[in-house]
Amino acid sequence: MSCPPYARPLDLRDGRVDLGHGAGGRAMQQLIAQLFARAFDNSELGRGDDGAVLPAPAPGERLVMATDGHVVSPLFFPGGDIGSLSVHGTVNDLAVMGARPLWLAAGFILEEGFPLADLARIVASMAGAARAAGVRIVTGDTKVVEQGKGDGVFITTTGIGALPAGRDPGGARARPGDAVLVSGTLGDHGMAIMAQREALGFESAIVSDSAALHGLVETLYAAVPAEAIHVLRDPTRGGLASTLNEIATQSGVGMMLDERAIPVAPQVQAACELLGLDPLNVANEGKLVVICATESAEAALAALRAHPLGAAAARIGEVSADSRCFVQLRTTLGGRRMVDWLAGEQLPRIC
């Protein structure tokens, strides 16, 4: 005999989050059953247990786990929202480790009074992004904080992926002579958020590049020997500048970039100039940095360009021997300048 359904359906049109939705009682179970479980819809989550029982990886594969918190403001922006962003962020953290993303766990911190209609929109976006990426959201958690002690919705996602044998990209593996590639234009996500936040109008709308990169990574590995791919990284907060400085420090090398080769969309360049920002410091949520052996660089670049997410890929520089771990830029005027770490918080609440 099945248990009776809840007396009233969740009011997803006019209802709002209240403290009862995080209290562990009937209201929370109703929120989970009528919103999260219905949207994410898989057998592991459907069991309603405190955790998910998952199969072991194939022989020879290793597991990779990554976690990421998302506090973006505004919650909805051109090209995405906090729901899809929370899936893409963790999928990409797994992908740049060389792993095939498999499962996600999601934790929600909701503010009392948040409209259930907006929450349903975020959850639907999250479910759609997970389906498109081929991952399942198999467990989660919900908490509610009092009104005024949150900012609508915060989401934390934790992911598990399988790392095939032979793949071992890592930040400490860049070597002098390696090529530095990027998969497309830089700064799109950060400037899309800023344009929305500051109500800036441009002739061409700036749209976030938020996307899952694991398909692009698989295309790369299909075209290039695994041992030739030394470092993969997604240049999120701190942008390309901080990402390359981080890799240079991990590997004990320097880097020399060519400013003319670095792709930046004209509208992003214009917005950065208006706000006094360097596009190399601006966050991306759908771009890939590849550092690979120079003899495989052209094959890697062709593979990236053959994928829809890598059509504007470019070879932007090379790794150099430099015990000071300097990242430098050859400017369009023929000079050189340092590309330093981002200092402080240039663009808060960007992801």
# chains A, B, ... in the order shown; residues from 1 in each chain; ligands from 1

call {"tool": "residues_around", "arguments": {"residues": "Leu232 of chain A", "least_positions_apart": "5", "cutoff": "9 Å", "atoms": "only C-alpha atoms", "output": "ChimeraX atom specification"}}
result
/A:95-98,169-171,217,288-292

call {"tool": "residues_around", "arguments": {"residues": "segment 110-112 of chain A", "least_positions_apart": "4", "cutoff": "7 Å", "atoms": "only C-alpha atoms", "output": "ChimeraX atom specification"}}
result
/A:17-19,143-147,150-154

call {"tool": "select_by_dssp", "arguments": {"residues": "segment 199-237 of chain A", "states": "alpha helix (DSSP H)", "output": "number ranges by chain"}}
result
A: 214-223

call {"tool": "residues_around", "arguments": {"residues": "Arg336 of chain A", "least_positions_apart": "3", "cutoff": "10 Å", "atoms": "only C-alpha atoms", "output": "ChimeraX atom specification"}}
result
/A:256-259,328-333,339

call {"tool": "residues_around", "arguments": {"residues": "segment 133-142 of chain A", "least_positions_apart": "3", "cutoff": "6 Å", "atoms": "only C-alpha atoms", "output": "number ranges by chain"}}
result
A: 22, 44-45, 51, 102-108, 130

call {"tool": "residues_around", "arguments": {"residues": "Leu244 of chain A", "least_positions_apart": "2", "cutoff": "9 Å", "atoms": "only C-alpha atoms", "output": "count of residues only"}}
result
14

call {"tool": "atom_distance", "arguments": {"atom1": "atom CA of Gly334 of chain A", "atom2": "atom CA of Ile262 of chain A"}}
result
14.9 Å

call {"tool": "closest_residue", "arguments": {"among": "A:Ile316, A:Val207, A:Val123, A:Leu116", "to": "Phe77 of chain A", "atoms": "only C-alpha atoms"}}
result
A:Val207

call {"tool": "closest_residue", "arguments": {"among": "A:Ala228, A:Val264, A:Leu274, A:Ile122", "to": "Leu186 of chain A", "atoms": "only C-alpha atoms"}}
result
A:Val264

call {"tool": "residues_around", "arguments": {"residues": "segment 67-75 of chain A", "least_positions_apart": "6", "cutoff": "12 Å", "atoms": "only C-alpha atoms", "output": "PyMOL selection string"}}
result
chain A and resi 81-94+103-110+114+118-119+121-122+125+150-161+189-190+192-199+236-237+283+285+347-351

call {"tool": "write_last_selection", "arguments": {"atoms": "C-alpha atoms", "output": "PDB file, in the first residue's frame"}}
result
ATOM      1  CA  ASP A  81      21.649  31.405 -14.280  1.00  0.00           C
ATOM      2  CA  ILE A  82      22.927  30.068 -10.987  1.00  0.00           C
ATOM      3  CA  GLY A  83      21.358  26.656 -11.714  1.00  0.00           C
ATOM      4  CA  SER A  84      23.128  25.874 -14.990  1.00  0.00           C
ATOM      5  CA  LEU A  85      26.281  27.599 -13.715  1.00  0.00           C
ATOM      6  CA  SER A  86      26.415  25.294 -10.682  1.00  0.00           C
ATOM      7  CA  VAL A  87      26.394  22.244 -12.968  1.00  0.00           C
ATOM      8  CA  HIS A  88      28.886  23.623 -15.478  1.00  0.00           C
ATOM      9  CA  GLY A  89      31.324  24.749 -12.785  1.00  0.00           C
ATOM     10  CA  THR A  90      31.760  21.326 -11.223  1.00  0.00           C
ATOM     11  CA  VAL A  91      31.550  19.394 -14.502  1.00  0.00           C
ATOM     12  CA  ASN A  92      34.410  21.575 -15.751  1.00  0.00           C
ATOM     13  CA  ASP A  93      36.482  21.043 -12.606  1.00  0.00           C
ATOM     14  CA  LEU A  94      36.269  17.303 -13.318  1.00  0.00           C
ATOM     15  CA  TRP A 103      27.476  12.200 -10.736  1.00  0.00           C
ATOM     16  CA  LEU A 104      26.752  15.392  -8.837  1.00  0.00           C
ATOM     17  CA  ALA A 105      25.587  16.192  -5.304  1.00  0.00           C
ATOM     18  CA  ALA A 106      23.846  19.543  -4.789  1.00  0.00           C
ATOM     19  CA  GLY A 107      23.472  21.601  -1.616  1.00  0.00           C
ATOM     20  CA  PHE A 108      20.982  24.511  -1.519  1.00  0.00           C
ATOM     21  CA  ILE A 109      20.989  27.370   0.982  1.00  0.00           C
ATOM     22  CA  LEU A 110      17.712  29.228   0.500  1.00  0.00           C
ATOM     23  CA  PHE A 114      12.499  33.588  -1.869  1.00  0.00           C
ATOM     24  CA  ASP A 118      12.218  31.499  -9.201  1.00  0.00           C
ATOM     25  CA  LEU A 119      13.503  28.448  -7.354  1.00  0.00           C
ATOM     26  CA  ARG A 121      13.146  28.051 -12.691  1.00  0.00           C
ATOM     27  CA  ILE A 122      16.634  27.582 -11.251  1.00  0.00           C
ATOM     28  CA  SER A 125      17.765  25.002 -15.533  1.00  0.00           C
ATOM     29  CA  GLY A 150      21.119  35.231   2.682  1.00  0.00           C
ATOM     30  CA  ASP A 151      20.790  36.493  -0.848  1.00  0.00           C
ATOM     31  CA  GLY A 152      18.112  34.320  -2.395  1.00  0.00           C
ATOM     32  CA  VAL A 153      19.931  31.129  -3.308  1.00  0.00           C
ATOM     33  CA  PHE A 154      23.421  29.756  -2.838  1.00  0.00           C
ATOM     34  CA  ILE A 155      24.267  26.383  -4.414  1.00  0.00           C
ATOM     35  CA  THR A 156      27.173  24.031  -3.760  1.00  0.00           C
ATOM     36  CA  THR A 157      27.800  21.151  -6.145  1.00  0.00           C
ATOM     37  CA  THR A 158      30.174  18.239  -5.646  1.00  0.00           C
ATOM     38  CA  GLY A 159      31.012  15.956  -8.546  1.00  0.00           C
ATOM     39  CA  ILE A 160      32.571  12.547  -9.108  1.00  0.00           C
ATOM     40  CA  GLY A 161      34.113  11.516 -12.417  1.00  0.00           C
ATOM     41  CA  HIS A 189      31.112  35.543 -18.497  1.00  0.00           C
ATOM     42  CA  GLY A 190      32.490  38.204 -16.202  1.00  0.00           C
ATOM     43  CA  ALA A 192      27.970  39.543 -19.020  1.00  0.00           C
ATOM     44  CA  ILE A 193      27.469  39.574 -15.245  1.00  0.00           C
ATOM     45  CA  MET A 194      28.809  43.102 -14.884  1.00  0.00           C
ATOM     46  CA  ALA A 195      26.733  44.444 -17.791  1.00  0.00           C
ATOM     47  CA  GLN A 196      23.585  42.930 -16.232  1.00  0.00           C
ATOM     48  CA  ARG A 197      24.486  44.125 -12.744  1.00  0.00           C
ATOM     49  CA  GLU A 198      25.298  47.684 -13.794  1.00  0.00           C
ATOM     50  CA  ALA A 199      22.545  47.879 -16.484  1.00  0.00           C
ATOM     51  CA  THR A 236      37.327  31.139 -13.960  1.00  0.00           C
ATOM     52  CA  ARG A 237      37.787  33.679 -11.135  1.00  0.00           C
ATOM     53  CA  ALA A 283      36.229  35.382 -15.293  1.00  0.00           C
ATOM     54  CA  GLU A 285      32.859  29.804 -17.296  1.00  0.00           C
ATOM     55  CA  LEU A 347      34.543  41.449  -9.747  1.00  0.00           C
ATOM     56  CA  PRO A 348      32.788  40.042  -6.660  1.00  0.00           C
ATOM     57  CA  ARG A 349      29.948  37.473  -6.828  1.00  0.00           C
ATOM     58  CA  ILE A 350      30.830  36.497 -10.393  1.00  0.00           C
ATOM     59  CA  CYS A 351      30.283  32.728 -10.122  1.00  0.00           C
TER      60      CYS A 351
END

call {"tool": "atom_distance", "arguments": {"atom1": "atom CA of Leu54 of chain A", "atom2": "atom CA of Ala37 of chain A"}}
result
17.4 Å

call {"tool": "select_by_dssp", "arguments": {"residues": "segment 253-311 of chain A", "states": "strand (DSSP E)", "output": "ChimeraX atom specification"}}
result
/A:254-258,289-292

call {"tool": "write_last_selection", "arguments": {"atoms": "all heavy atoms", "output": "PDB file, in the first residue's frame"}}
result
ATOM      1  N   GLY A 254      58.243  29.934 -16.638  1.00  0.00           N
ATOM      2  CA  GLY A 254      57.667  31.202 -17.048  1.00  0.00           C
ATOM      3  C   GLY A 254      56.789  30.999 -18.265  1.00  0.00           C
ATOM      4  O   GLY A 254      56.667  29.874 -18.777  1.00  0.00           O
ATOM      5  N   MET A 255      56.147  32.064 -18.711  1.00  0.00           N
ATOM      6  CA  MET A 255      55.338  32.007 -19.928  1.00  0.00           C
ATOM      7  C   MET A 255      55.464  33.327 -20.668  1.00  0.00           C
ATOM      8  O   MET A 255      55.569  34.383 -20.046  1.00  0.00           O
ATOM      9  CB  MET A 255      53.869  31.735 -19.615  1.00  0.00           C
ATOM     10  CG  MET A 255      53.630  30.368 -19.004  1.00  0.00           C
ATOM     11  SD  MET A 255      51.892  29.981 -18.828  1.00  0.00           S
ATOM     12  CE  MET A 255      52.008  28.589 -17.684  1.00  0.00           C
ATOM     13  N   MET A 256      55.452  33.249 -22.005  1.00  0.00           N
ATOM     14  CA  MET A 256      55.460  34.435 -22.852  1.00  0.00           C
ATOM     15  C   MET A 256      54.237  34.361 -23.764  1.00  0.00           C
ATOM     16  O   MET A 256      54.081  33.411 -24.534  1.00  0.00           O
ATOM     17  CB  MET A 256      56.737  34.502 -23.683  1.00  0.00           C
ATOM     18  CG  MET A 256      56.801  35.721 -24.588  1.00  0.00           C
ATOM     19  SD  MET A 256      56.770  37.292 -23.674  1.00  0.00           S
ATOM     20  CE  MET A 256      58.410  37.268 -22.927  1.00  0.00           C
ATOM     21  N   LEU A 257      53.369  35.365 -23.654  1.00  0.00           N
ATOM     22  CA  LEU A 257      52.128  35.403 -24.426  1.00  0.00           C
ATOM     23  C   LEU A 257      52.231  36.453 -25.525  1.00  0.00           C
ATOM     24  O   LEU A 257      52.992  37.418 -25.400  1.00  0.00           O
ATOM     25  CB  LEU A 257      50.939  35.728 -23.513  1.00  0.00           C
ATOM     26  CG  LEU A 257      50.790  34.891 -22.242  1.00  0.00           C
ATOM     27  CD1 LEU A 257      49.578  35.358 -21.446  1.00  0.00           C
ATOM     28  CD2 LEU A 257      50.683  33.409 -22.565  1.00  0.00           C
ATOM     29  N   ASP A 258      51.431  36.272 -26.563  1.00  0.00           N
ATOM     30  CA  ASP A 258      51.371  37.227 -27.679  1.00  0.00           C
ATOM     31  C   ASP A 258      50.014  37.936 -27.629  1.00  0.00           C
ATOM     32  O   ASP A 258      48.976  37.306 -27.853  1.00  0.00           O
ATOM     33  CB  ASP A 258      51.542  36.473 -29.000  1.00  0.00           C
ATOM     34  CG  ASP A 258      51.546  37.413 -30.200  1.00  0.00           C
ATOM     35  OD1 ASP A 258      51.285  38.622 -30.030  1.00  0.00           O
ATOM     36  OD2 ASP A 258      51.812  36.921 -31.316  1.00  0.00           O
ATOM     37  N   VAL A 289      41.926  26.238 -21.022  1.00  0.00           N
ATOM     38  CA  VAL A 289      43.340  26.481 -21.271  1.00  0.00           C
ATOM     39  C   VAL A 289      44.017  25.128 -21.438  1.00  0.00           C
ATOM     40  O   VAL A 289      43.826  24.227 -20.613  1.00  0.00           O
ATOM     41  CB  VAL A 289      43.980  27.263 -20.107  1.00  0.00           C
ATOM     42  CG1 VAL A 289      45.498  27.345 -20.290  1.00  0.00           C
ATOM     43  CG2 VAL A 289      43.388  28.658 -20.005  1.00  0.00           C
ATOM     44  N   VAL A 290      44.792  24.987 -22.508  1.00  0.00           N
ATOM     45  CA  VAL A 290      45.519  23.743 -22.788  1.00  0.00           C
ATOM     46  C   VAL A 290      46.999  24.068 -22.897  1.00  0.00           C
ATOM     47  O   VAL A 290      47.380  24.959 -23.663  1.00  0.00           O
ATOM     48  CB  VAL A 290      45.044  23.105 -24.113  1.00  0.00           C
ATOM     49  CG1 VAL A 290      45.818  21.812 -24.381  1.00  0.00           C
ATOM     50  CG2 VAL A 290      43.547  22.854 -24.099  1.00  0.00           C
ATOM     51  N   ILE A 291      47.822  23.372 -22.143  1.00  0.00           N
ATOM     52  CA  ILE A 291      49.272  23.463 -22.290  1.00  0.00           C
ATOM     53  C   ILE A 291      49.748  22.087 -22.728  1.00  0.00           C
ATOM     54  O   ILE A 291      49.544  21.089 -22.016  1.00  0.00           O
ATOM     55  CB  ILE A 291      49.940  23.915 -20.986  1.00  0.00           C
ATOM     56  CG1 ILE A 291      49.476  25.341 -20.640  1.00  0.00           C
ATOM     57  CG2 ILE A 291      51.464  23.861 -21.106  1.00  0.00           C
ATOM     58  CD1 ILE A 291      50.062  25.909 -19.375  1.00  0.00           C
ATOM     59  N   CYS A 292      50.319  22.043 -23.917  1.00  0.00           N
ATOM     60  CA  CYS A 292      50.660  20.740 -24.497  1.00  0.00           C
ATOM     61  C   CYS A 292      52.032  20.789 -25.149  1.00  0.00           C
ATOM     62  O   CYS A 292      52.588  21.873 -25.393  1.00  0.00           O
ATOM     63  CB  CYS A 292      49.597  20.320 -25.509  1.00  0.00           C
ATOM     64  SG  CYS A 292      49.484  21.384 -26.963  1.00  0.00           S
TER      65      CYS A 292
END

call {"tool": "residues_around", "arguments": {"residues": "Arg62 of chain A", "least_positions_apart": "4", "cutoff": "7 Å", "atoms": "only C-alpha atoms", "output": "PDB file with N, CA, C and O atoms, in the first residue's frame"}}
result
ATOM      1  N   PRO A  57      34.147   2.356 -10.564  1.00  0.00           N
ATOM      2  CA  PRO A  57      34.599   2.644 -11.928  1.00  0.00           C
ATOM      3  C   PRO A  57      35.099   1.394 -12.630  1.00  0.00           C
ATOM      4  O   PRO A  57      35.339   0.358 -11.998  1.00  0.00           O
ATOM      5  N   ALA A 162      35.174   9.732 -13.632  1.00  0.00           N
ATOM      6  CA  ALA A 162      36.095   8.612 -13.837  1.00  0.00           C
ATOM      7  C   ALA A 162      37.247   9.065 -14.727  1.00  0.00           C
ATOM      8  O   ALA A 162      37.021   9.657 -15.789  1.00  0.00           O
ATOM      9  N   LEU A 163      38.460   8.796 -14.283  1.00  0.00           N
ATOM     10  CA  LEU A 163      39.659   9.196 -15.027  1.00  0.00           C
ATOM     11  C   LEU A 163      40.222   7.988 -15.769  1.00  0.00           C
ATOM     12  O   LEU A 163      40.729   7.046 -15.137  1.00  0.00           O
ATOM     13  N   PRO A 164      40.140   7.989 -17.102  1.00  0.00           N
ATOM     14  CA  PRO A 164      40.666   6.846 -17.863  1.00  0.00           C
ATOM     15  C   PRO A 164      42.176   6.680 -17.670  1.00  0.00           C
ATOM     16  O   PRO A 164      42.895   7.648 -17.424  1.00  0.00           O
TER      17      PRO A 164
END

call {"tool": "atom_distance", "arguments": {"atom1": "atom CA of Asp209 of chain A", "atom2": "atom CA of Gly80 of chain A"}}
result
8.5 Å
